[in-house]
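Listing of structure-v2.pdb; format and content: PDB, C-alpha atoms.
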```
ATOM      1  CA  MET A   1      30.819  10.663  24.652  1.00  0.00           C
ATOM      2  CA  PRO A   2      32.501  10.503  21.226  1.00  0.00           C
ATOM      3  CA  GLY A   3      30.461   9.784  18.090  1.00  0.00           C
ATOM      4  CA  PRO A   4      30.378   6.433  16.329  1.00  0.00           C
ATOM      5  CA  VAL A   5      33.541   5.041  14.786  1.00  0.00           C
ATOM      6  CA  GLU A   6      33.080   3.078  11.592  1.00  0.00           C
ATOM      7  CA  LEU A   7      34.704  -0.340  11.645  1.00  0.00           C
ATOM      8  CA  TRP A   8      36.144  -1.701   8.402  1.00  0.00           C
ATOM      9  CA  PRO A   9      35.399   1.375   6.264  1.00  0.00           C
ATOM     10  CA  GLU A  10      37.125  -0.205   3.261  1.00  0.00           C
ATOM     11  CA  ARG A  11      34.542  -3.007   3.138  1.00  0.00           C
ATOM     12  CA  THR A  12      32.215  -2.871   0.137  1.00  0.00           C
ATOM     13  CA  PRO A  13      28.605  -2.689   1.345  1.00  0.00           C
ATOM     14  CA  ALA A  14      26.164  -5.473   0.492  1.00  0.00           C
ATOM     15  CA  PRO A  15      23.864  -4.736  -2.455  1.00  0.00           C
ATOM     16  CA  LEU A  16      20.355  -3.523  -1.731  1.00  0.00           C
ATOM     17  CA  LEU A  17      17.817  -6.308  -1.644  1.00  0.00           C
ATOM     18  CA  SER A  18      15.047  -6.305  -4.225  1.00  0.00           C
ATOM     19  CA  PRO A  19      11.683  -5.338  -2.797  1.00  0.00           C
ATOM     20  CA  ASN A  20       9.335  -8.162  -1.892  1.00  0.00           C
ATOM     21  CA  PRO A  21       7.257  -8.755  -5.033  1.00  0.00           C
ATOM     22  CA  GLY A  22       4.108  -8.972  -2.898  1.00  0.00           C
ATOM     23  CA  SER A  23       4.636  -5.592  -1.279  1.00  0.00           C
ATOM     24  CA  HIS A  24       3.838  -2.267  -2.845  1.00  0.00           C
ATOM     25  CA  HIS A  25       5.699   0.988  -2.353  1.00  0.00           C
ATOM     26  CA  GLU A  26       2.901   3.096  -3.759  1.00  0.00           C
ATOM     27  CA  PRO A  27      -0.830   3.145  -3.047  1.00  0.00           C
ATOM     28  CA  VAL A  28      -2.890   0.621  -5.005  1.00  0.00           C
ATOM     29  CA  LEU A  29      -6.247   1.864  -6.280  1.00  0.00           C
ATOM     30  CA  ILE A  30      -9.226  -0.430  -5.690  1.00  0.00           C
ATOM     31  CA  PRO A  31     -11.544   0.562  -8.593  1.00  0.00           C
ATOM     32  CA  ALA A  32     -14.617  -1.349  -7.388  1.00  0.00           C
ATOM     33  CA  LEU A  33     -14.569   0.685  -4.176  1.00  0.00           C
ATOM     34  CA  SER A  34     -14.218   4.128  -5.728  1.00  0.00           C
ATOM     35  CA  LYS A  35     -16.397   7.108  -4.815  1.00  0.00           C
ATOM     36  CA  VAL A  36     -16.936   6.145  -1.196  1.00  0.00           C
ATOM     37  CA  ALA A  37     -17.961   8.903   1.210  1.00  0.00           C
ATOM     38  CA  ASP A  38     -17.138   7.073   4.469  1.00  0.00           C
ATOM     39  CA  LEU A  39     -14.550   4.292   4.757  1.00  0.00           C
ATOM     40  CA  ARG A  40     -16.371   2.952   7.832  1.00  0.00           C
ATOM     41  CA  LYS A  41     -19.215   1.969   5.481  1.00  0.00           C
ATOM     42  CA  VAL A  42     -16.851  -0.400   3.625  1.00  0.00           C
ATOM     43  CA  SER A  43     -16.754  -3.878   5.139  1.00  0.00           C
ATOM     44  CA  GLY A  44     -13.491  -5.728   5.422  1.00  0.00           C
ATOM     45  CA  LEU A  45     -14.901  -8.588   3.373  1.00  0.00           C
ATOM     46  CA  SER A  46     -16.013  -6.322   0.514  1.00  0.00           C
ATOM     47  CA  ALA A  47     -12.563  -4.673   0.475  1.00  0.00           C
ATOM     48  CA  VAL A  48     -10.823  -8.065   0.305  1.00  0.00           C
ATOM     49  CA  GLN A  49     -13.107  -9.362  -2.436  1.00  0.00           C
ATOM     50  CA  ALA A  50     -12.696  -6.138  -4.443  1.00  0.00           C
ATOM     51  CA  GLN A  51      -8.908  -6.451  -3.998  1.00  0.00           C
ATOM     52  CA  LEU A  52      -8.955 -10.042  -5.289  1.00  0.00           C
ATOM     53  CA  ASP A  53     -11.050  -8.984  -8.294  1.00  0.00           C
ATOM     54  CA  ALA A  54      -8.755  -6.003  -9.044  1.00  0.00           C
ATOM     55  CA  ASP A  55      -5.667  -8.241  -8.836  1.00  0.00           C
ATOM     56  CA  ARG A  56      -7.284 -10.739 -11.198  1.00  0.00           C
ATOM     57  CA  ARG A  57      -8.174  -7.997 -13.732  1.00  0.00           C
ATOM     58  CA  ARG A  58      -4.550  -6.760 -13.639  1.00  0.00           C
ATOM     59  CA  GLY A  59      -3.371 -10.310 -14.332  1.00  0.00           C
ATOM     60  CA  ASP A  60      -1.564 -10.570 -10.993  1.00  0.00           C
ATOM     61  CA  PRO A  61      -1.018 -14.117  -9.749  1.00  0.00           C
ATOM     62  CA  GLY A  62      -3.446 -15.222  -7.060  1.00  0.00           C
ATOM     63  CA  PHE A  63      -2.385 -13.886  -3.686  1.00  0.00           C
ATOM     64  CA  PHE A  64      -3.909 -16.784  -1.756  1.00  0.00           C
ATOM     65  CA  PRO A  65      -4.001 -20.524  -2.399  1.00  0.00           C
ATOM     66  CA  GLU A  66      -7.128 -21.462  -4.339  1.00  0.00           C
ATOM     67  CA  ASP A  67      -8.855 -23.096  -1.354  1.00  0.00           C
ATOM     68  CA  ASP A  68      -8.335 -19.943   0.771  1.00  0.00           C
ATOM     69  CA  GLU A  69      -9.651 -17.716  -2.009  1.00  0.00           C
ATOM     70  CA  ASN A  70     -12.702 -19.966  -2.324  1.00  0.00           C
ATOM     71  CA  LYS A  71     -13.297 -19.632   1.429  1.00  0.00           C
ATOM     72  CA  ILE A  72     -13.011 -15.840   1.167  1.00  0.00           C
ATOM     73  CA  ARG A  73     -15.529 -15.714  -1.673  1.00  0.00           C
ATOM     74  CA  ALA A  74     -17.897 -18.065   0.226  1.00  0.00           C
ATOM     75  CA  CYS A  75     -17.898 -15.720   3.245  1.00  0.00           C
ATOM     76  CA  ALA A  76     -20.461 -13.493   1.530  1.00  0.00           C
ATOM     77  CA  THR A  77     -23.000 -16.304   1.462  1.00  0.00           C
ATOM     78  CA  ARG A  78     -22.233 -17.487   5.013  1.00  0.00           C
ATOM     79  CA  SER A  79     -21.936 -14.205   6.890  1.00  0.00           C
ATOM     80  CA  GLY A  80     -20.310 -14.640  10.292  1.00  0.00           C
ATOM     81  CA  ALA A  81     -19.201 -18.213   9.589  1.00  0.00           C
ATOM     82  CA  ARG A  82     -16.245 -19.350  11.684  1.00  0.00           C
ATOM     83  CA  SER A  83     -14.692 -20.807   8.534  1.00  0.00           C
ATOM     84  CA  CYS A  84     -14.329 -17.318   7.015  1.00  0.00           C
ATOM     85  CA  PRO A  85     -10.620 -16.370   7.015  1.00  0.00           C
ATOM     86  CA  VAL A  86     -11.385 -12.618   6.872  1.00  0.00           C
ATOM     87  CA  ARG A  87     -11.241 -11.209  10.404  1.00  0.00           C
ATOM     88  CA  ALA A  88     -13.455  -8.392  11.670  1.00  0.00           C
ATOM     89  CA  ALA A  89     -12.469  -5.038  10.161  1.00  0.00           C
ATOM     90  CA  GLN A  90     -10.709  -2.541  12.396  1.00  0.00           C
ATOM     91  CA  TYR A  91     -10.690   1.228  11.922  1.00  0.00           C
ATOM     92  CA  HIS A  92      -7.833   3.440  13.207  1.00  0.00           C
ATOM     93  CA  ASP A  93      -6.135   6.631  12.029  1.00  0.00           C
ATOM     94  CA  LEU A  94      -2.727   5.519  10.761  1.00  0.00           C
ATOM     95  CA  THR A  95      -2.006   8.506   8.513  1.00  0.00           C
ATOM     96  CA  GLY A  96      -2.459  11.296  11.041  1.00  0.00           C
ATOM     97  CA  ASP A  97      -5.125  13.044   8.962  1.00  0.00           C
ATOM     98  CA  GLY A  98      -7.882  12.555  11.554  1.00  0.00           C
ATOM     99  CA  GLN A  99      -9.672   9.967   9.402  1.00  0.00           C
ATOM    100  CA  ASP A 100      -9.713   6.258  10.179  1.00  0.00           C
ATOM    101  CA  GLU A 101      -8.120   3.758   7.834  1.00  0.00           C
ATOM    102  CA  LEU A 102      -9.623   0.302   7.260  1.00  0.00           C
ATOM    103  CA  ILE A 103      -7.422  -2.527   8.578  1.00  0.00           C
ATOM    104  CA  VAL A 104      -8.271  -6.005   7.298  1.00  0.00           C
ATOM    105  CA  SER A 105      -6.622  -9.317   8.035  1.00  0.00           C
ATOM    106  CA  ILE A 106      -6.975 -12.655   6.295  1.00  0.00           C
ATOM    107  CA  GLU A 107      -5.691 -15.789   7.973  1.00  0.00           C
ATOM    108  CA  GLY A 108      -4.152 -18.463   5.767  1.00  0.00           C
ATOM    109  CA  SER A 109      -5.398 -21.974   6.491  1.00  0.00           C
ATOM    110  CA  ARG A 110      -2.173 -23.801   5.707  1.00  0.00           C
ATOM    111  CA  ASP A 111       0.650 -21.483   6.688  1.00  0.00           C
ATOM    112  CA  ARG A 112      -1.042 -19.510   9.507  1.00  0.00           C
ATOM    113  CA  LEU A 113       0.280 -16.295   7.975  1.00  0.00           C
ATOM    114  CA  LEU A 114      -1.923 -13.305   8.644  1.00  0.00           C
ATOM    115  CA  THR A 115      -2.174 -11.121   5.561  1.00  0.00           C
ATOM    116  CA  ILE A 116      -2.779  -7.534   6.639  1.00  0.00           C
ATOM    117  CA  TRP A 117      -4.145  -5.027   4.150  1.00  0.00           C
ATOM    118  CA  VAL A 118      -4.699  -1.398   5.138  1.00  0.00           C
ATOM    119  CA  TYR A 119      -6.910   0.884   3.059  1.00  0.00           C
ATOM    120  CA  ARG A 120      -7.114   4.667   2.986  1.00  0.00           C
ATOM    121  CA  LEU A 121      -9.815   6.889   1.571  1.00  0.00           C
ATOM    122  CA  LYS A 122      -8.477   9.823  -0.435  1.00  0.00           C
ATOM    123  CA  ASP A 123     -10.805  12.068  -2.436  1.00  0.00           C
ATOM    124  CA  GLY A 124     -13.540   9.414  -2.278  1.00  0.00           C
ATOM    125  CA  VAL A 125     -11.272   6.700  -3.718  1.00  0.00           C
ATOM    126  CA  VAL A 126     -10.080   3.659  -1.747  1.00  0.00           C
ATOM    127  CA  HIS A 127      -6.362   2.823  -1.941  1.00  0.00           C
ATOM    128  CA  ARG A 128      -4.455  -0.029  -0.329  1.00  0.00           C
ATOM    129  CA  ILE A 129      -1.528   1.489   1.581  1.00  0.00           C
ATOM    130  CA  LEU A 130      -0.099  -1.617   3.272  1.00  0.00           C
ATOM    131  CA  ASP A 131       0.260  -5.243   2.212  1.00  0.00           C
ATOM    132  CA  VAL A 132       2.177  -7.485   4.624  1.00  0.00           C
ATOM    133  CA  SER A 133       1.980 -11.146   5.641  1.00  0.00           C
ATOM    134  CA  PRO A 134       3.568 -11.744   9.039  1.00  0.00           C
ATOM    135  CA  SER A 135       3.072 -14.723  11.332  1.00  0.00           C
ATOM    136  CA  PRO A 136       2.272 -12.606  14.368  1.00  0.00           C
ATOM    137  CA  LEU A 137       1.874 -13.300  18.034  1.00  0.00           C
ATOM    138  CA  ALA A 138      -0.035 -10.009  18.112  1.00  0.00           C
ATOM    139  CA  VAL A 139      -1.020  -7.046  15.950  1.00  0.00           C
ATOM    140  CA  GLU A 140      -1.429  -3.700  17.695  1.00  0.00           C
ATOM    141  CA  VAL A 141      -2.088  -0.050  16.967  1.00  0.00           C
ATOM    142  CA  ALA A 142      -0.339   2.547  19.133  1.00  0.00           C
ATOM    143  CA  GLY A 143       0.401   6.201  18.509  1.00  0.00           C
ATOM    144  CA  GLY A 144      -0.847   6.024  14.923  1.00  0.00           C
ATOM    145  CA  LYS A 145       1.470   3.097  14.105  1.00  0.00           C
ATOM    146  CA  LEU A 146       0.651  -0.501  13.202  1.00  0.00           C
ATOM    147  CA  ILE A 147       2.844  -2.920  15.164  1.00  0.00           C
ATOM    148  CA  THR A 148       3.337  -6.653  14.674  1.00  0.00           C
ATOM    149  CA  ARG A 149       5.056  -8.931  17.149  1.00  0.00           C
ATOM    150  CA  GLU A 150       6.314 -12.219  15.726  1.00  0.00           C
ATOM    151  CA  PRO A 151       8.065 -15.269  17.153  1.00  0.00           C
ATOM    152  CA  THR A 152      11.749 -15.788  16.389  1.00  0.00           C
ATOM    153  CA  ASP A 153      13.897 -18.883  16.256  1.00  0.00           C
ATOM    154  CA  LYS A 154      15.665 -17.672  19.419  1.00  0.00           C
ATOM    155  CA  PRO A 155      13.709 -18.839  22.486  1.00  0.00           C
ATOM    156  CA  GLY A 156      12.497 -16.030  24.709  1.00  0.00           C
ATOM    157  CA  TYR A 157      12.682 -13.348  22.001  1.00  0.00           C
ATOM    158  CA  GLU A 158      10.222 -11.845  19.549  1.00  0.00           C
ATOM    159  CA  ALA A 159      10.515  -9.574  16.529  1.00  0.00           C
ATOM    160  CA  ARG A 160       8.668  -6.263  16.693  1.00  0.00           C
ATOM    161  CA  THR A 161       7.972  -4.397  13.453  1.00  0.00           C
ATOM    162  CA  VAL A 162       6.520  -0.890  13.431  1.00  0.00           C
ATOM    163  CA  TYR A 163       4.786   0.437  10.303  1.00  0.00           C
ATOM    164  CA  GLY A 164       4.337   4.200   9.987  1.00  0.00           C
ATOM    165  CA  TRP A 165       2.895   6.604   7.447  1.00  0.00           C
ATOM    166  CA  ASN A 166       5.210   7.999   4.783  1.00  0.00           C
ATOM    167  CA  PRO A 167       3.467  11.081   3.353  1.00  0.00           C
ATOM    168  CA  GLN A 168       5.893  11.356   0.409  1.00  0.00           C
ATOM    169  CA  VAL A 169       4.943   7.998  -1.095  1.00  0.00           C
ATOM    170  CA  GLN A 170       1.493   7.763   0.551  1.00  0.00           C
ATOM    171  CA  VAL A 171       1.947   4.279   2.052  1.00  0.00           C
ATOM    172  CA  LEU A 172       2.695   2.683   5.416  1.00  0.00           C
ATOM    173  CA  GLU A 173       6.324   1.554   5.555  1.00  0.00           C
ATOM    174  CA  VAL A 174       8.546  -0.241   8.033  1.00  0.00           C
ATOM    175  CA  GLU A 175       9.842   2.370  10.473  1.00  0.00           C
ATOM    176  CA  SER A 176      11.668  -0.015  12.753  1.00  0.00           C
ATOM    177  CA  ASN A 177      12.315  -3.702  13.179  1.00  0.00           C
ATOM    178  CA  GLU A 178      13.785  -4.907  16.450  1.00  0.00           C
ATOM    179  CA  TYR A 179      14.189  -8.009  18.572  1.00  0.00           C
ATOM    180  CA  ASN A 180      13.006  -7.893  22.167  1.00  0.00           C
ATOM    181  CA  ARG A 181      12.841 -10.253  25.067  1.00  0.00           C
ATOM    182  CA  ARG A 182       9.358 -11.741  25.038  1.00  0.00           C
ATOM    183  CA  SER A 183       7.174 -10.656  27.926  1.00  0.00           C
ATOM    184  CA  PRO A 184       5.652 -13.471  30.025  1.00  0.00           C
ATOM    185  CA  ALA A 185       2.173 -12.400  28.879  1.00  0.00           C
ATOM    186  CA  SER A 186       3.074 -12.877  25.201  1.00  0.00           C
ATOM    187  CA  ALA A 187       4.828 -16.205  25.758  1.00  0.00           C
ATOM    188  CA  ALA A 188       1.538 -18.083  26.133  1.00  0.00           C
ATOM    189  CA  PRO A 189      -0.189 -18.915  22.823  1.00  0.00           C
ATOM    190  CA  ARG A 190      -3.355 -16.929  22.185  1.00  0.00           C
ATOM    191  CA  GLY A 191      -6.293 -17.455  19.883  1.00  0.00           C
ATOM    192  CA  ARG A 192      -6.829 -15.109  16.950  1.00  0.00           C
TER     193      ARG A 192
END
```

Reformat the file's structure so that it appears as C-alpha cells.
Amino acid sequence: MPGPVELWPERTPAPLLSPNPGSHHEPVLIPALSKVADLRKVSGLSAVQAQLDADRRRGDPGFFPEDDENKIRACATRSGARSCPVRAAQYHDLTGDGQDELIVSIEGSRDRLLTIWVYRLKDGVVHRILDVSPSPLAVEVAGGKLITREPTDKPGYEARTVYGWNPQVQVLEVESNEYNRRSPASAAPRGR
C-alpha cells in the first residue's frame, strides 16, 4: 500500500492555538505539602486545599466559583459529608516509576465539570502534574494512562482522551483524543 498523499500542500497551516490558561505544561510545586515520605499519606482534600492556598499566594485567580471553594474548605470540618465536592482520592502509577500518583477530582456544583488534579512525589516534594476539567461520562486508569470519556453533541458517540506521562517535561499530557461509538453500557447515565 502506498504512503499518504498530502492534499492541498500549498495551503498555509492554521496557527497553533494558545495553551489553555488553566493547564500547566510543567509540574507545579505544592509548597505546603513538601517533604512527604509517602504520597499515600496525603489525603485528596489536603492536596486540594494546599493547591488552593498555593494558587492564592501566587496571586492566581480563583480556580473555582466562590461557593464551590467554600464547600471545599468546609469539607475539613464535615468529614465524609455528601456536600463535599472533593471525591475520594485514588492512587495509581501513571509515571511508570513504580510509585503511585495521587489522583483527586473536584466536582463543580453549577457546571458539573470534574476538575482532575494529579500529584506526583519527587524527592519528597509534591508536584501537580495534571490539571484538566472535563465533563466526563467516566474516568479510568488503564496501562498507566488516565482516560476520560465525555459526551459529544453527536448522538451515539463519545470523546475519549488519553493522558500519558511525558518524562521530558515531567507532566501528564494528552496522548490521543478520539471519537468513538458509545457502548450501550456507557449510554445510560451513571452517578459519580

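Comparing A:Arg149, A:Arg182, A:Arg73, A:Arg120 by their smallest distance to A:Leu33, the closest is A:Arg120 (using all atoms listed in the file).
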
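Compared by their closest atoms to A:Ala76, and using all atoms listed in the file, the residues A:Pro61, A:Gly44, A:Gly144, A:Gly96 rank with A:Gly44 nearest.
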
Which residues, named as in the file, does the PyMOL selection byres ((chain A and resi 143) around 12) pick out? Answer as a list in words. His92, Asp93, Leu94, Thr95, Gly96, Glu140, Val141, Ala142, Gly144, Lys145, Leu146, Ile147, Val162, Tyr163, Gly164 and Trp165 of chain A

Dump of C-alpha atoms for the selected residues, as a compact mmCIF listing (two decimals), keeping the file's coordinate frame:
```
# COMPACT_ATOMS: atom_id res chain seq x y z
CA HIS A 92 -7.83 3.44 13.21
CA ASP A 93 -6.14 6.63 12.03
CA LEU A 94 -2.73 5.52 10.76
CA THR A 95 -2.01 8.51 8.51
CA GLY A 96 -2.46 11.30 11.04
CA GLU A 140 -1.43 -3.70 17.70
CA VAL A 141 -2.09 -0.05 16.97
CA ALA A 142 -0.34 2.55 19.13
CA GLY A 144 -0.85 6.02 14.92
CA LYS A 145 1.47 3.10 14.10
CA LEU A 146 0.65 -0.50 13.20
CA ILE A 147 2.84 -2.92 15.16
CA VAL A 162 6.52 -0.89 13.43
CA TYR A 163 4.79 0.44 10.30
CA GLY A 164 4.34 4.20 9.99
CA TRP A 165 2.90 6.60 7.45
```

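Interatomic distance, atom CA of A:Leu172 to atom CA of A:Val28: 12.0 Å.
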
What is the atom CA of A:Ala54 to atom CA of A:Ile72 distance in Å?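 Atom-to-atom, atom CA of A:Ala54 and atom CA of A:Ile72 are spaced 14.8 Å apart.
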
Please write the residues picked by the PyMOL selection byres ((chain A and resi 150-155) around 12) on this file as a VMD selection string. chain A and resid 113 to 114 133 to 140 147 to 149 156 to 162 177 to 183 186 to 189

Any chance you could export stretch 73-100 of chain A with N, CA, C and O atoms, as a PDB file, in the first residue's frame?
```
ATOM      1  N   ARG A  73     -13.462  24.074  51.408  1.00  0.00           N
ATOM      2  CA  ARG A  73     -12.832  24.415  52.689  1.00  0.00           C
ATOM      3  C   ARG A  73     -13.664  23.901  53.873  1.00  0.00           C
ATOM      4  O   ARG A  73     -13.112  23.555  54.918  1.00  0.00           O
ATOM      5  N   ALA A  74     -14.983  23.806  53.714  1.00  0.00           N
ATOM      6  CA  ALA A  74     -15.844  23.292  54.787  1.00  0.00           C
ATOM      7  C   ALA A  74     -15.744  21.773  54.925  1.00  0.00           C
ATOM      8  O   ALA A  74     -16.113  21.228  55.964  1.00  0.00           O
ATOM      9  N   CYS A  75     -15.230  21.093  53.919  1.00  0.00           N
ATOM     10  CA  CYS A  75     -15.113  19.627  53.982  1.00  0.00           C
ATOM     11  C   CYS A  75     -14.292  19.179  55.174  1.00  0.00           C
ATOM     12  O   CYS A  75     -14.555  18.120  55.755  1.00  0.00           O
ATOM     13  N   ALA A  76     -13.298  19.948  55.559  1.00  0.00           N
ATOM     14  CA  ALA A  76     -12.417  19.563  56.665  1.00  0.00           C
ATOM     15  C   ALA A  76     -13.180  19.491  57.978  1.00  0.00           C
ATOM     16  O   ALA A  76     -12.853  18.682  58.839  1.00  0.00           O
ATOM     17  N   THR A  77     -14.194  20.321  58.124  1.00  0.00           N
ATOM     18  CA  THR A  77     -14.958  20.315  59.372  1.00  0.00           C
ATOM     19  C   THR A  77     -16.119  19.333  59.326  1.00  0.00           C
ATOM     20  O   THR A  77     -16.668  18.997  60.369  1.00  0.00           O
ATOM     21  N   ARG A  78     -16.490  18.891  58.124  1.00  0.00           N
ATOM     22  CA  ARG A  78     -17.595  17.926  57.980  1.00  0.00           C
ATOM     23  C   ARG A  78     -17.096  16.722  57.199  1.00  0.00           C
ATOM     24  O   ARG A  78     -17.574  16.433  56.104  1.00  0.00           O
ATOM     25  N   SER A  79     -16.127  16.038  57.729  1.00  0.00           N
ATOM     26  CA  SER A  79     -15.505  14.902  57.049  1.00  0.00           C
ATOM     27  C   SER A  79     -16.562  13.886  56.597  1.00  0.00           C
ATOM     28  O   SER A  79     -17.426  13.497  57.378  1.00  0.00           O
ATOM     29  N   GLY A  80     -16.463  13.502  55.338  1.00  0.00           N
ATOM     30  CA  GLY A  80     -17.386  12.499  54.793  1.00  0.00           C
ATOM     31  C   GLY A  80     -18.736  13.051  54.378  1.00  0.00           C
ATOM     32  O   GLY A  80     -19.614  12.295  53.974  1.00  0.00           O
ATOM     33  N   ALA A  81     -18.935  14.357  54.489  1.00  0.00           N
ATOM     34  CA  ALA A  81     -20.229  14.942  54.132  1.00  0.00           C
ATOM     35  C   ALA A  81     -20.497  14.773  52.643  1.00  0.00           C
ATOM     36  O   ALA A  81     -19.610  14.922  51.815  1.00  0.00           O
ATOM     37  N   ARG A  82     -21.740  14.459  52.310  1.00  0.00           N
ATOM     38  CA  ARG A  82     -22.115  14.277  50.903  1.00  0.00           C
ATOM     39  C   ARG A  82     -22.018  15.576  50.123  1.00  0.00           C
ATOM     40  O   ARG A  82     -21.896  15.567  48.917  1.00  0.00           O
ATOM     41  N   SER A  83     -22.046  16.704  50.832  1.00  0.00           N
ATOM     42  CA  SER A  83     -21.955  18.002  50.153  1.00  0.00           C
ATOM     43  C   SER A  83     -20.526  18.353  49.755  1.00  0.00           C
ATOM     44  O   SER A  83     -20.313  19.329  49.055  1.00  0.00           O
ATOM     45  N   CYS A  84     -19.540  17.557  50.179  1.00  0.00           N
ATOM     46  CA  CYS A  84     -18.148  17.848  49.844  1.00  0.00           C
ATOM     47  C   CYS A  84     -17.895  17.516  48.373  1.00  0.00           C
ATOM     48  O   CYS A  84     -18.113  16.378  47.940  1.00  0.00           O
ATOM     49  N   PRO A  85     -17.436  18.488  47.581  1.00  0.00           N
ATOM     50  CA  PRO A  85     -17.209  18.241  46.154  1.00  0.00           C
ATOM     51  C   PRO A  85     -15.927  17.465  45.853  1.00  0.00           C
ATOM     52  O   PRO A  85     -15.706  17.053  44.721  1.00  0.00           O
ATOM     53  N   VAL A  86     -15.071  17.262  46.853  1.00  0.00           N
ATOM     54  CA  VAL A  86     -13.817  16.528  46.639  1.00  0.00           C
ATOM     55  C   VAL A  86     -14.111  15.033  46.765  1.00  0.00           C
ATOM     56  O   VAL A  86     -14.561  14.566  47.805  1.00  0.00           O
ATOM     57  N   ARG A  87     -13.883  14.316  45.682  1.00  0.00           N
ATOM     58  CA  ARG A  87     -14.148  12.866  45.659  1.00  0.00           C
ATOM     59  C   ARG A  87     -13.010  12.111  46.347  1.00  0.00           C
ATOM     60  O   ARG A  87     -11.913  12.646  46.528  1.00  0.00           O
ATOM     61  N   ALA A  88     -13.265  10.866  46.679  1.00  0.00           N
ATOM     62  CA  ALA A  88     -12.261  10.028  47.339  1.00  0.00           C
ATOM     63  C   ALA A  88     -10.991   9.957  46.484  1.00  0.00           C
ATOM     64  O   ALA A  88     -11.062   9.763  45.266  1.00  0.00           O
ATOM     65  N   ALA A  89      -9.856  10.109  47.132  1.00  0.00           N
ATOM     66  CA  ALA A  89      -8.563  10.063  46.431  1.00  0.00           C
ATOM     67  C   ALA A  89      -8.339   8.673  45.852  1.00  0.00           C
ATOM     68  O   ALA A  89      -8.759   7.670  46.419  1.00  0.00           O
ATOM     69  N   GLN A  90      -7.676   8.646  44.709  1.00  0.00           N
ATOM     70  CA  GLN A  90      -7.298   7.398  44.058  1.00  0.00           C
ATOM     71  C   GLN A  90      -5.779   7.417  43.894  1.00  0.00           C
ATOM     72  O   GLN A  90      -5.181   8.478  43.701  1.00  0.00           O
ATOM     73  N   TYR A  91      -5.171   6.245  43.950  1.00  0.00           N
ATOM     74  CA  TYR A  91      -3.721   6.137  43.847  1.00  0.00           C
ATOM     75  C   TYR A  91      -3.381   5.117  42.773  1.00  0.00           C
ATOM     76  O   TYR A  91      -3.771   3.945  42.885  1.00  0.00           O
ATOM     77  N   HIS A  92      -2.676   5.541  41.721  1.00  0.00           N
ATOM     78  CA  HIS A  92      -2.255   4.665  40.624  1.00  0.00           C
ATOM     79  C   HIS A  92      -0.928   5.180  40.076  1.00  0.00           C
ATOM     80  O   HIS A  92      -0.689   6.388  40.052  1.00  0.00           O
ATOM     81  N   ASP A  93      -0.105   4.267  39.591  1.00  0.00           N
ATOM     82  CA  ASP A  93       1.166   4.641  38.965  1.00  0.00           C
ATOM     83  C   ASP A  93       0.890   5.119  37.546  1.00  0.00           C
ATOM     84  O   ASP A  93       0.518   4.328  36.683  1.00  0.00           O
ATOM     85  N   LEU A  94       1.048   6.398  37.317  1.00  0.00           N
ATOM     86  CA  LEU A  94       0.831   6.985  35.990  1.00  0.00           C
ATOM     87  C   LEU A  94       2.131   7.447  35.348  1.00  0.00           C
ATOM     88  O   LEU A  94       2.121   7.939  34.229  1.00  0.00           O
ATOM     89  N   THR A  95       3.245   7.318  36.058  1.00  0.00           N
ATOM     90  CA  THR A  95       4.527   7.767  35.522  1.00  0.00           C
ATOM     91  C   THR A  95       5.441   6.611  35.165  1.00  0.00           C
ATOM     92  O   THR A  95       6.506   6.829  34.582  1.00  0.00           O
ATOM     93  N   GLY A  96       5.052   5.398  35.543  1.00  0.00           N
ATOM     94  CA  GLY A  96       5.866   4.231  35.224  1.00  0.00           C
ATOM     95  C   GLY A  96       7.086   4.058  36.113  1.00  0.00           C
ATOM     96  O   GLY A  96       7.957   3.248  35.815  1.00  0.00           O
ATOM     97  N   ASP A  97       7.129   4.787  37.233  1.00  0.00           N
ATOM     98  CA  ASP A  97       8.296   4.673  38.120  1.00  0.00           C
ATOM     99  C   ASP A  97       8.074   3.687  39.271  1.00  0.00           C
ATOM    100  O   ASP A  97       8.911   3.556  40.153  1.00  0.00           O
ATOM    101  N   GLY A  98       6.927   2.997  39.255  1.00  0.00           N
ATOM    102  CA  GLY A  98       6.623   2.035  40.310  1.00  0.00           C
ATOM    103  C   GLY A  98       6.008   2.650  41.547  1.00  0.00           C
ATOM    104  O   GLY A  98       5.665   1.941  42.487  1.00  0.00           O
ATOM    105  N   GLN A  99       5.847   3.963  41.566  1.00  0.00           N
ATOM    106  CA  GLN A  99       5.239   4.662  42.701  1.00  0.00           C
ATOM    107  C   GLN A  99       3.882   5.207  42.279  1.00  0.00           C
ATOM    108  O   GLN A  99       3.729   5.716  41.172  1.00  0.00           O
ATOM    109  N   ASP A 100       2.914   5.118  43.182  1.00  0.00           N
ATOM    110  CA  ASP A 100       1.577   5.628  42.866  1.00  0.00           C
ATOM    111  C   ASP A 100       1.537   7.148  42.884  1.00  0.00           C
ATOM    112  O   ASP A 100       2.189   7.785  43.721  1.00  0.00           O
TER     113      ASP A 100
END
```
